[in-house]
Amino acid sequence: MKKIFTYIFIIVVCLFLTMPSGANEIKNILGNWEGTLKVPGTELRIVFRVYETTEGNISATMDSPDQGVRGILVNEIIQDDNNLILEIKAIGGVFEGVISEEGLIIEGQWKQSGAAFPLLLEKKEEIKEIVRPQEPLRPYPYIEEDVEYENKEAGITLSGTLTFPAKKGPFPAVLLISGSGPQDRNETIAGHRPFLVLADYLTRKGIAVLRVDDRGVGKSTGDFSQATSEDFASDVLEGVEYLKNRTEINTKQIGLIGHSEGGLIAPMVAVQSRDVSFIVLMAGPGLPGEEILYLQGDLILRAMGFSEGKIARYLGYNKKLYSLVKEEGDKEVLKERASKIFEEYYFELSEEEKQEIGNWDVYVKGQLQNLLSPWFGYFLTYDPKVTLSKVECPVLAIIGEKDLQVPPVENLPAIKEALLEGGNSNIKIKELPGLNHLFQSAETGSPDEYARIEETISPAALELISNWILGQVNLIH
């Protein structure tokens with residue numbers, strides 16, 4: 001849920017093109033250059049690989065290993081004596097630095113969206129690759145198939161991957177539902193592909209798995225920016241219909257696994273479709289969106305070392321903005337009034353805080369885009385307890401002890417209470433020790449740890465989910 005719902009500055013790296021420069025004048029920067037970019041909320045490794053082309057020109061690629069992005073091309077390379085500029089026009093990003101006399105260090109700044117962050121690049125013989133030991137390697141011991149189906153009412157095509165055992169079926173099946181924000185079928189985040197790992201594990205256990213690109217993402221069509229959780233639920237319903245028409249699938253044993261916002265959507269679908277036999281809520285919320293945002297903001301800011309005063313100020317302004325979103329139905333009036341609140345907030349910032357934000361106009365534009373989106377307005381006021389009380393199928397709800405985005409102490413009891421109030425007794429509610437929002441074994445649970453942790457999903461979480469599902473399908477005939 002923005003995973004879920006945290007807005008952290010992340011470098012966007014995409015659509016880079018190369019503009020050749022003269023080889024003779026910049027041969028001294030050939031090689032691998034690595035540095036760590038420290039931005040509010042996280043740290044990201046940045047790697048530039050500078051090389052000579054077969055035509056004798058100099059080109060460079062940029063990697064963001066912690067985000068799982070590699071081989072993107074730099075627009076322009078400019079060197080004047082020891083001064084170096086690497087420009088990426090597609091995202092408005094520029095690295096400006098000074099090369100040391102020894103030619104082993106480039107000290108400078110990364111500039112983007114009006115903000116500037118120190119970045120020290122060191123020349124490296126080899127770049128340490130991020131290890132994701134749980135990611136499966138082909139050939140798989142099961143069948144993998146790319147699939148497509150339609151949501152005719154929405155006028156879109158959804159594209160995904162179906163995996164199932166290489167033996168005679170029919171098999172129980174699950175459809176995976178990703179968290180908020182535009183997600184691909186693997187729910188790729190911080191260099192991890194959680195849904196790839198989860199699908200592989202479950203398929204090896206005899207469970208078919210369908211994972212799908214969100215509308216407007218990857219090979220799926222549609223406009224993600226205009227959709228709400230309710231729209232995503234309609235996409236999931238079409239996925240259930242698709243599975244029902246596959247001969248490999250046992251139509252009486254189709255379940256849903258929702259992570260983060262997906263854990264909010266799964267109950268919505270289960271209430272609408274009798275074909276859903278069970279649901280698994282991985283860090284799904286039990287509280288209204290506004291309450292989640294306050295809890296999340298407080299916990300993450302504390303983990304980042306913010307003072308009590310800064311936290312109170314941040315949450316105070318958020319309360320003003322959220323109240324405005326709930327009360328004001330006119331988008332233009334909402335935009336105007338929210339802009340005034342942002343202006344009021346700006347004048348209370350220190351010079352250092354203003355510098356961290358960078359270009360204020362760009363910052364406000366991004367924040368207004370979030371506030372005015374259909375998704376945000378829907379989420380802010382949606383109370384999952386109302387829907388959970390209507391869920392009749394078996395439910396497994398799990399949240400990591402160190403989850404700062406959907407805190408277990410507040411959310412798990414709310415989920416349990418709502419299910420029991422509705423008369424659902426086939427439930428399992430569990431807090432998993434030591435795990436974060438992605439169900440990784442973590443130290444603090446802060447989002448800035450996600451990329452640094454090698455583990456994608458804790459084996460204990462995988463085993464719990466698998467065993468619970470197998471227990472349910474053995475009861476369903």
# chains A, B, ... in the order shown; residues from 1 in each chain; ligands from 1

$ select_by_dssp --residues "region 136-314 of chain A" --states "strand (DSSP E or B)" --output "PDB file with C-alpha atoms, in the first residue's frame"
ATOM      1  CA  TYR A 142       6.381 -27.199 -12.966  1.00  0.00           C
ATOM      2  CA  ILE A 143       4.522 -25.586 -15.870  1.00  0.00           C
ATOM      3  CA  GLU A 144       4.671 -21.823 -16.396  1.00  0.00           C
ATOM      4  CA  GLU A 145       2.295 -20.136 -18.821  1.00  0.00           C
ATOM      5  CA  ASP A 146       1.722 -16.501 -19.809  1.00  0.00           C
ATOM      6  CA  VAL A 147      -2.009 -15.777 -19.829  1.00  0.00           C
ATOM      7  CA  GLU A 148      -4.437 -12.988 -20.689  1.00  0.00           C
ATOM      8  CA  TYR A 149      -8.091 -12.333 -19.879  1.00  0.00           C
ATOM      9  CA  GLU A 150     -10.464  -9.387 -20.038  1.00  0.00           C
ATOM     10  CA  ASN A 151     -12.321  -7.192 -17.627  1.00  0.00           C
ATOM     11  CA  ILE A 156      -9.131  -3.675 -20.253  1.00  0.00           C
ATOM     12  CA  THR A 157      -6.964  -6.739 -20.759  1.00  0.00           C
ATOM     13  CA  LEU A 158      -5.102  -8.235 -17.802  1.00  0.00           C
ATOM     14  CA  SER A 159      -1.873 -10.133 -18.366  1.00  0.00           C
ATOM     15  CA  GLY A 160      -0.194 -12.523 -15.972  1.00  0.00           C
ATOM     16  CA  THR A 161       1.596 -15.786 -15.316  1.00  0.00           C
ATOM     17  CA  LEU A 162      -0.054 -19.052 -14.313  1.00  0.00           C
ATOM     18  CA  THR A 163       2.055 -21.811 -12.759  1.00  0.00           C
ATOM     19  CA  PHE A 164       0.820 -25.310 -11.916  1.00  0.00           C
ATOM     20  CA  PRO A 165       2.354 -28.731 -11.146  1.00  0.00           C
ATOM     21  CA  PHE A 171      -5.183 -28.484  -8.559  1.00  0.00           C
ATOM     22  CA  PRO A 172      -6.154 -26.004  -5.856  1.00  0.00           C
ATOM     23  CA  ALA A 173      -5.277 -22.475  -6.944  1.00  0.00           C
ATOM     24  CA  VAL A 174      -4.589 -19.029  -5.543  1.00  0.00           C
ATOM     25  CA  LEU A 175      -4.642 -15.620  -7.179  1.00  0.00           C
ATOM     26  CA  LEU A 176      -2.100 -13.148  -5.780  1.00  0.00           C
ATOM     27  CA  ILE A 177      -3.208  -9.535  -5.160  1.00  0.00           C
ATOM     28  CA  ILE A 189      10.029  -3.755  -4.839  1.00  0.00           C
ATOM     29  CA  HIS A 192      12.944  -8.127  -4.569  1.00  0.00           C
ATOM     30  CA  ALA A 208      -1.493 -23.496  -8.871  1.00  0.00           C
ATOM     31  CA  VAL A 209      -0.743 -19.761  -8.730  1.00  0.00           C
ATOM     32  CA  LEU A 210      -1.932 -16.860 -10.895  1.00  0.00           C
ATOM     33  CA  ARG A 211      -0.054 -13.574 -10.543  1.00  0.00           C
ATOM     34  CA  VAL A 212      -1.019 -10.585 -12.667  1.00  0.00           C
ATOM     35  CA  ILE A 249      -7.912 -25.939 -11.675  1.00  0.00           C
ATOM     36  CA  ASN A 250     -10.236 -27.388  -9.046  1.00  0.00           C
ATOM     37  CA  THR A 251     -13.062 -24.856  -9.160  1.00  0.00           C
ATOM     38  CA  LYS A 252     -14.054 -25.621  -5.569  1.00  0.00           C
ATOM     39  CA  GLN A 253     -10.576 -24.798  -4.270  1.00  0.00           C
ATOM     40  CA  ILE A 254      -9.812 -21.281  -5.548  1.00  0.00           C
ATOM     41  CA  GLY A 255      -8.402 -18.864  -2.980  1.00  0.00           C
ATOM     42  CA  LEU A 256      -6.886 -15.381  -2.791  1.00  0.00           C
ATOM     43  CA  ILE A 257      -3.663 -14.139  -1.246  1.00  0.00           C
ATOM     44  CA  GLY A 258      -3.557 -10.381  -0.796  1.00  0.00           C
ATOM     45  CA  HIS A 259      -0.509  -8.448   0.377  1.00  0.00           C
ATOM     46  CA  VAL A 276     -13.620 -17.876  -3.389  1.00  0.00           C
ATOM     47  CA  SER A 277     -12.951 -20.775  -1.012  1.00  0.00           C
ATOM     48  CA  PHE A 278     -10.420 -19.102   1.311  1.00  0.00           C
ATOM     49  CA  ILE A 279      -8.330 -15.948   1.658  1.00  0.00           C
ATOM     50  CA  VAL A 280      -4.887 -15.162   3.055  1.00  0.00           C
ATOM     51  CA  LEU A 281      -4.279 -11.598   4.269  1.00  0.00           C
ATOM     52  CA  MET A 282      -0.564 -10.753   4.317  1.00  0.00           C
TER      53      MET A 282
END

$ closest_residue --among "A:Tyr450, A:Phe376, A:Phe95, A:Trp110" --to "Val325 (chain A)" --atoms "only C-alpha atoms"
A:Phe376

$ closest_residue --among "A:Ile429, A:Ala154, A:Val94, A:Lys320" --to "Gly222 (chain A)" --atoms "only C-alpha atoms"
A:Ala154

$ closest_residue --among "A:Ile130, A:Val39, A:Ile427, A:Val406" --to "Leu295 (chain A)" --atoms "only C-alpha atoms"
A:Val406

$ closest_residue --among "A:Leu420, A:Ile77, A:Leu432, A:Ala414" --to "Pro459 (chain A)" --atoms "only C-alpha atoms"
A:Leu432

$ select_by_dssp --residues "region 32-266 of chain A" --states "helix (DSSP H, G or I)" --output "PyMOL selection string"
chain A and resi 65-67+89-91+194-204+224-226+229-244+262-266

$ write_last_selection --atoms "C-alpha atoms" --output "PDB file, in the first residue's frame"
ATOM      1  CA  PRO A  65      20.965  -2.308  -7.672  1.00  0.00           C
ATOM      2  CA  ASP A  66      18.802  -1.888  -4.591  1.00  0.00           C
ATOM      3  CA  GLN A  67      15.818  -1.227  -6.834  1.00  0.00           C
ATOM      4  CA  LYS A  89      17.269  14.097 -19.267  1.00  0.00           C
ATOM      5  CA  ALA A  90      14.314  11.709 -19.202  1.00  0.00           C
ATOM      6  CA  ILE A  91      13.965  12.071 -15.428  1.00  0.00           C
ATOM      7  CA  PRO A 194       8.074 -11.396  -3.565  1.00  0.00           C
ATOM      8  CA  PHE A 195       5.289 -12.821  -5.729  1.00  0.00           C
ATOM      9  CA  LEU A 196       7.780 -14.739  -7.871  1.00  0.00           C
ATOM     10  CA  VAL A 197       9.190 -16.370  -4.725  1.00  0.00           C
ATOM     11  CA  LEU A 198       5.734 -17.026  -3.243  1.00  0.00           C
ATOM     12  CA  ALA A 199       4.383 -18.477  -6.502  1.00  0.00           C
ATOM     13  CA  ASP A 200       7.386 -20.753  -6.879  1.00  0.00           C
ATOM     14  CA  TYR A 201       7.097 -22.048  -3.305  1.00  0.00           C
ATOM     15  CA  LEU A 202       3.377 -22.752  -3.484  1.00  0.00           C
ATOM     16  CA  THR A 203       3.506 -24.356  -6.933  1.00  0.00           C
ATOM     17  CA  ARG A 204       6.184 -26.770  -5.746  1.00  0.00           C
ATOM     18  CA  PHE A 224      -4.028   2.783 -13.110  1.00  0.00           C
ATOM     19  CA  SER A 225      -4.162   6.419 -11.987  1.00  0.00           C
ATOM     20  CA  GLN A 226      -7.957   6.589 -12.248  1.00  0.00           C
ATOM     21  CA  SER A 229      -9.435  -0.459  -4.632  1.00  0.00           C
ATOM     22  CA  GLU A 230     -12.962  -1.257  -5.789  1.00  0.00           C
ATOM     23  CA  ASP A 231     -11.799  -1.240  -9.421  1.00  0.00           C
ATOM     24  CA  PHE A 232      -8.895  -3.523  -8.571  1.00  0.00           C
ATOM     25  CA  ALA A 233     -11.362  -5.873  -6.872  1.00  0.00           C
ATOM     26  CA  SER A 234     -13.266  -6.111 -10.159  1.00  0.00           C
ATOM     27  CA  ASP A 235     -10.001  -7.140 -11.862  1.00  0.00           C
ATOM     28  CA  VAL A 236      -9.525  -9.879  -9.267  1.00  0.00           C
ATOM     29  CA  LEU A 237     -13.070 -11.126  -9.823  1.00  0.00           C
ATOM     30  CA  GLU A 238     -12.243 -11.576 -13.500  1.00  0.00           C
ATOM     31  CA  GLY A 239      -9.139 -13.502 -12.485  1.00  0.00           C
ATOM     32  CA  VAL A 240     -11.278 -15.876 -10.434  1.00  0.00           C
ATOM     33  CA  GLU A 241     -13.555 -16.360 -13.455  1.00  0.00           C
ATOM     34  CA  TYR A 242     -10.516 -17.110 -15.590  1.00  0.00           C
ATOM     35  CA  LEU A 243      -9.286 -19.780 -13.168  1.00  0.00           C
ATOM     36  CA  LYS A 244     -12.740 -21.381 -13.107  1.00  0.00           C
ATOM     37  CA  GLY A 262      -4.247  -6.652  -1.554  1.00  0.00           C
ATOM     38  CA  GLY A 263      -5.273  -7.756   1.933  1.00  0.00           C
ATOM     39  CA  LEU A 264      -7.967  -5.082   1.825  1.00  0.00           C
ATOM     40  CA  ILE A 265      -9.129  -6.145  -1.652  1.00  0.00           C
ATOM     41  CA  ALA A 266      -9.289  -9.925  -0.994  1.00  0.00           C
TER      42      ALA A 266
END

$ residues_around --residues "region 396-404 of chain A" --least-positions-apart "2" --cutoff "9 Å" --atoms "only C-alpha atoms" --output "compact mmCIF listing (two decimals) with N, CA and C atoms, in the first residue's frame"
# COMPACT_ATOMS: atom_id res chain seq x y z
N GLY A 263 -4.57 -7.19 0.80
CA GLY A 263 -5.27 -7.76 1.93
C GLY A 263 -6.54 -7.01 2.28
N PHE A 278 -11.20 -19.52 0.14
CA PHE A 278 -10.42 -19.10 1.31
C PHE A 278 -9.62 -17.87 0.92
N ILE A 279 -9.19 -17.10 1.93
CA ILE A 279 -8.33 -15.95 1.66
C ILE A 279 -7.20 -15.88 2.68
N VAL A 280 -6.05 -15.40 2.21
CA VAL A 280 -4.89 -15.16 3.06
C VAL A 280 -4.59 -13.67 3.01
N LEU A 281 -4.56 -13.03 4.17
CA LEU A 281 -4.28 -11.60 4.27
C LEU A 281 -2.86 -11.42 4.80
N MET A 282 -1.96 -11.00 3.93
CA MET A 282 -0.56 -10.75 4.32
C MET A 282 -0.39 -9.25 4.55
N ALA A 283 -0.32 -8.87 5.81
CA ALA A 283 -0.21 -7.44 6.18
C ALA A 283 -1.38 -6.65 5.66
N GLY A 284 -2.55 -7.25 5.69
CA GLY A 284 -3.77 -6.55 5.30
C GLY A 284 -4.26 -5.68 6.44
N LEU A 295 -0.83 6.03 11.96
CA LEU A 295 0.03 5.06 12.63
C LEU A 295 1.33 4.87 11.87
N GLN A 296 1.18 4.69 10.57
CA GLN A 296 2.34 4.44 9.72
C GLN A 296 3.31 5.62 9.75
N GLY A 297 2.75 6.82 9.59
CA GLY A 297 3.59 8.01 9.57
C GLY A 297 4.38 8.16 10.87
N ASP A 298 3.71 7.97 11.99
CA ASP A 298 4.36 8.10 13.29
C ASP A 298 5.49 7.09 13.45
N LEU A 299 5.23 5.83 13.15
CA LEU A 299 6.22 4.78 13.35
C LEU A 299 7.43 4.93 12.44
N ILE A 300 7.20 5.25 11.18
CA ILE A 300 8.30 5.35 10.23
C ILE A 300 9.15 6.58 10.50
N ALA A 303 11.38 5.77 13.32
CA ALA A 303 12.46 4.89 12.90
C ALA A 303 13.54 5.67 12.14
N PRO A 394 -12.92 -19.38 5.02
CA PRO A 394 -11.78 -19.42 5.95
C PRO A 394 -10.79 -18.28 5.68
N VAL A 406 1.76 -1.52 8.36
CA VAL A 406 0.46 -2.00 8.86
C VAL A 406 0.75 -2.64 10.22
N PRO A 407 0.82 -1.84 11.27
CA PRO A 407 1.24 -2.33 12.58
C PRO A 407 0.34 -3.46 13.10
N PRO A 408 0.92 -4.56 13.57
CA PRO A 408 0.13 -5.72 13.98
C PRO A 408 -0.70 -5.49 15.24
N VAL A 409 -0.18 -4.72 16.18
CA VAL A 409 -0.86 -4.54 17.46
C VAL A 409 -2.24 -3.94 17.29
N ASN A 411 -3.88 -3.69 14.09
CA ASN A 411 -4.65 -4.23 12.96
C ASN A 411 -5.14 -5.66 13.14
N LEU A 412 -4.32 -6.53 13.72
CA LEU A 412 -4.75 -7.92 13.86
C LEU A 412 -5.98 -8.06 14.77
N ILE A 415 -9.05 -7.04 12.78
CA ILE A 415 -9.44 -8.07 11.80
C ILE A 415 -10.18 -9.20 12.50
N LYS A 416 -9.62 -9.67 13.60
CA LYS A 416 -10.23 -10.77 14.34
C LYS A 416 -11.62 -10.41 14.85
N ASN A 426 -13.80 -19.98 11.30
CA ASN A 426 -12.66 -20.65 10.66
C ASN A 426 -11.62 -19.60 10.29
N ILE A 427 -10.94 -19.11 11.32
CA ILE A 427 -9.96 -18.05 11.12
C ILE A 427 -8.69 -18.37 11.89
N LYS A 428 -7.57 -17.88 11.37
CA LYS A 428 -6.29 -17.98 12.06
C LYS A 428 -5.63 -16.62 11.98
N ILE A 429 -5.34 -16.03 13.12
CA ILE A 429 -4.76 -14.69 13.21
C ILE A 429 -3.40 -14.83 13.88
N LYS A 430 -2.34 -14.36 13.22
CA LYS A 430 -1.01 -14.60 13.79
C LYS A 430 -0.06 -13.44 13.50
N GLU A 431 0.63 -13.01 14.54
CA GLU A 431 1.74 -12.06 14.42
C GLU A 431 3.03 -12.86 14.29
N LEU A 432 3.83 -12.55 13.27
CA LEU A 432 5.04 -13.32 13.00
C LEU A 432 6.26 -12.60 13.55
N PRO A 433 6.94 -13.20 14.53
CA PRO A 433 8.07 -12.54 15.21
C PRO A 433 9.18 -12.14 14.25
N GLY A 434 9.68 -10.90 14.43
CA GLY A 434 10.88 -10.46 13.73
C GLY A 434 10.72 -10.08 12.27
N LEU A 435 9.49 -10.12 11.74
CA LEU A 435 9.31 -9.87 10.31
C LEU A 435 8.75 -8.46 10.06
N ASN A 436 9.11 -7.92 8.89
CA ASN A 436 8.66 -6.57 8.51
C ASN A 436 7.45 -6.63 7.58
N HIS A 437 7.16 -5.53 6.91
CA HIS A 437 5.98 -5.44 6.05
C HIS A 437 6.07 -6.38 4.84
N LEU A 438 7.29 -6.67 4.40
CA LEU A 438 7.48 -7.60 3.28
C LEU A 438 7.67 -9.04 3.76
N PHE A 439 7.56 -9.26 5.06
CA PHE A 439 7.75 -10.56 5.68
C PHE A 439 9.19 -11.04 5.55
N GLN A 440 10.11 -10.08 5.62
CA GLN A 440 11.54 -10.38 5.71
C GLN A 440 11.95 -10.38 7.18
N SER A 441 12.97 -11.15 7.51
CA SER A 441 13.56 -11.07 8.85
C SER A 441 14.31 -9.74 8.93
N ALA A 442 13.89 -8.86 9.84
CA ALA A 442 14.39 -7.49 9.86
C ALA A 442 14.90 -7.08 11.23
N GLU A 443 15.68 -6.00 11.26
CA GLU A 443 16.17 -5.45 12.52
C GLU A 443 15.20 -4.43 13.10
N THR A 444 14.82 -3.44 12.28
CA THR A 444 13.95 -2.37 12.77
C THR A 444 12.57 -2.38 12.11
N GLY A 445 12.47 -2.93 10.92
CA GLY A 445 11.22 -2.90 10.18
C GLY A 445 11.07 -1.68 9.28
N SER A 446 12.03 -0.76 9.35
CA SER A 446 11.97 0.45 8.54
C SER A 446 12.09 0.11 7.05
N PRO A 447 11.35 0.83 6.19
CA PRO A 447 11.42 0.56 4.76
C PRO A 447 12.81 0.68 4.17
N ALA A 461 7.23 -17.79 7.12
CA ALA A 461 5.98 -17.25 6.57
C ALA A 461 5.51 -18.10 5.40
N ILE A 465 1.88 -20.18 5.36
CA ILE A 465 0.88 -19.96 4.32
C ILE A 465 0.57 -21.25 3.58
N TRP A 468 -1.27 -23.87 5.81
CA TRP A 468 -2.66 -23.47 6.08
C TRP A 468 -3.54 -23.72 4.85
N ILE A 469 -3.05 -23.34 3.68
CA ILE A 469 -3.83 -23.55 2.45
C ILE A 469 -4.07 -25.03 2.21

$ decode --residues "region 364-374 of chain A" --atoms "all heavy atoms" --output "mmCIF file, in the first residue's frame"
data_model
loop_
_atom_site.group_PDB
_atom_site.id
_atom_site.type_symbol
_atom_site.label_atom_id
_atom_site.label_comp_id
_atom_site.auth_asym_id
_atom_site.auth_seq_id
_atom_site.Cartn_x
_atom_site.Cartn_y
_atom_site.Cartn_z
ATOM 1 N N VAL A 364 5.023 20.078 -4.314
ATOM 2 C CA VAL A 364 3.591 20.309 -4.105
ATOM 3 C C VAL A 364 2.778 19.660 -5.216
ATOM 4 O O VAL A 364 1.722 19.065 -4.957
ATOM 5 C CB VAL A 364 3.288 21.821 -4.026
ATOM 6 C CG1 VAL A 364 1.783 22.079 -4.031
ATOM 7 C CG2 VAL A 364 3.912 22.414 -2.772
ATOM 8 N N LYS A 365 3.265 19.752 -6.444
ATOM 9 C CA LYS A 365 2.551 19.135 -7.569
ATOM 10 C C LYS A 365 2.375 17.634 -7.347
ATOM 11 O O LYS A 365 1.304 17.069 -7.574
ATOM 12 C CB LYS A 365 3.317 19.395 -8.872
ATOM 13 C CG LYS A 365 2.608 18.852 -10.104
ATOM 14 C CD LYS A 365 3.402 19.167 -11.371
ATOM 15 C CE LYS A 365 2.705 18.598 -12.601
ATOM 16 N NZ LYS A 365 3.478 18.898 -13.843
ATOM 17 N N GLY A 366 3.451 16.977 -6.868
ATOM 18 C CA GLY A 366 3.383 15.540 -6.605
ATOM 19 C C GLY A 366 2.421 15.210 -5.473
ATOM 20 O O GLY A 366 1.656 14.243 -5.564
ATOM 21 N N GLN A 367 2.452 16.017 -4.410
ATOM 22 C CA GLN A 367 1.569 15.772 -3.280
ATOM 23 C C GLN A 367 0.102 15.983 -3.657
ATOM 24 O O GLN A 367 -0.774 15.209 -3.262
ATOM 25 C CB GLN A 367 1.947 16.693 -2.110
ATOM 26 C CG GLN A 367 3.320 16.432 -1.521
ATOM 27 C CD GLN A 367 3.456 15.027 -0.980
ATOM 28 O OE1 GLN A 367 2.621 14.552 -0.227
ATOM 29 N NE2 GLN A 367 4.518 14.342 -1.378
ATOM 30 N N LEU A 368 -0.163 17.027 -4.441
ATOM 31 C CA LEU A 368 -1.539 17.285 -4.876
ATOM 32 C C LEU A 368 -2.052 16.172 -5.778
ATOM 33 O O LEU A 368 -3.228 15.790 -5.715
ATOM 34 C CB LEU A 368 -1.608 18.627 -5.616
ATOM 35 C CG LEU A 368 -1.488 19.886 -4.756
ATOM 36 C CD1 LEU A 368 -1.402 21.130 -5.634
ATOM 37 C CD2 LEU A 368 -2.647 19.990 -3.778
ATOM 38 N N GLN A 369 -1.156 15.649 -6.592
ATOM 39 C CA GLN A 369 -1.555 14.541 -7.466
ATOM 40 C C GLN A 369 -2.013 13.345 -6.642
ATOM 41 O O GLN A 369 -3.004 12.679 -6.972
ATOM 42 C CB GLN A 369 -0.381 14.141 -8.369
ATOM 43 C CG GLN A 369 -0.738 13.099 -9.421
ATOM 44 C CD GLN A 369 0.418 12.834 -10.367
ATOM 45 O OE1 GLN A 369 1.434 13.529 -10.353
ATOM 46 N NE2 GLN A 369 0.285 11.812 -11.187
ATOM 47 N N ASN A 370 -1.314 13.070 -5.549
ATOM 48 C CA ASN A 370 -1.704 11.969 -4.663
ATOM 49 C C ASN A 370 -3.036 12.265 -3.980
ATOM 50 O O ASN A 370 -3.937 11.418 -3.926
ATOM 51 C CB ASN A 370 -0.620 11.741 -3.600
ATOM 52 C CG ASN A 370 0.630 11.123 -4.170
ATOM 53 O OD1 ASN A 370 0.576 10.321 -5.101
ATOM 54 N ND2 ASN A 370 1.776 11.494 -3.625
ATOM 55 N N LEU A 371 -3.166 13.478 -3.433
ATOM 56 C CA LEU A 371 -4.380 13.841 -2.696
ATOM 57 C C LEU A 371 -5.625 13.823 -3.578
ATOM 58 O O LEU A 371 -6.714 13.464 -3.130
ATOM 59 C CB LEU A 371 -4.213 15.230 -2.074
ATOM 60 C CG LEU A 371 -3.291 15.351 -0.855
ATOM 61 C CD1 LEU A 371 -3.098 16.813 -0.503
ATOM 62 C CD2 LEU A 371 -3.867 14.601 0.333
ATOM 63 N N LEU A 372 -5.477 14.235 -4.824
ATOM 64 C CA LEU A 372 -6.614 14.357 -5.724
ATOM 65 C C LEU A 372 -6.943 13.061 -6.461
ATOM 66 O O LEU A 372 -7.941 12.995 -7.173
ATOM 67 C CB LEU A 372 -6.336 15.460 -6.755
ATOM 68 C CG LEU A 372 -6.206 16.880 -6.196
ATOM 69 C CD1 LEU A 372 -5.690 17.836 -7.266
ATOM 70 C CD2 LEU A 372 -7.535 17.378 -5.656
ATOM 71 N N SER A 373 -6.126 12.034 -6.288
ATOM 72 C CA SER A 373 -6.360 10.784 -7.017
ATOM 73 C C SER A 373 -7.605 10.079 -6.488
ATOM 74 O O SER A 373 -7.901 10.128 -5.292
ATOM 75 C CB SER A 373 -5.150 9.854 -6.885
ATOM 76 O OG SER A 373 -5.056 9.342 -5.569
ATOM 77 N N PRO A 374 -8.358 9.413 -7.356
ATOM 78 C CA PRO A 374 -9.525 8.649 -6.908
ATOM 79 C C PRO A 374 -9.158 7.602 -5.859
ATOM 80 O O PRO A 374 -9.912 7.369 -4.916
ATOM 81 C CB PRO A 374 -10.032 7.995 -8.198
ATOM 82 C CG PRO A 374 -9.526 8.867 -9.299
ATOM 83 C CD PRO A 374 -8.203 9.375 -8.824
#
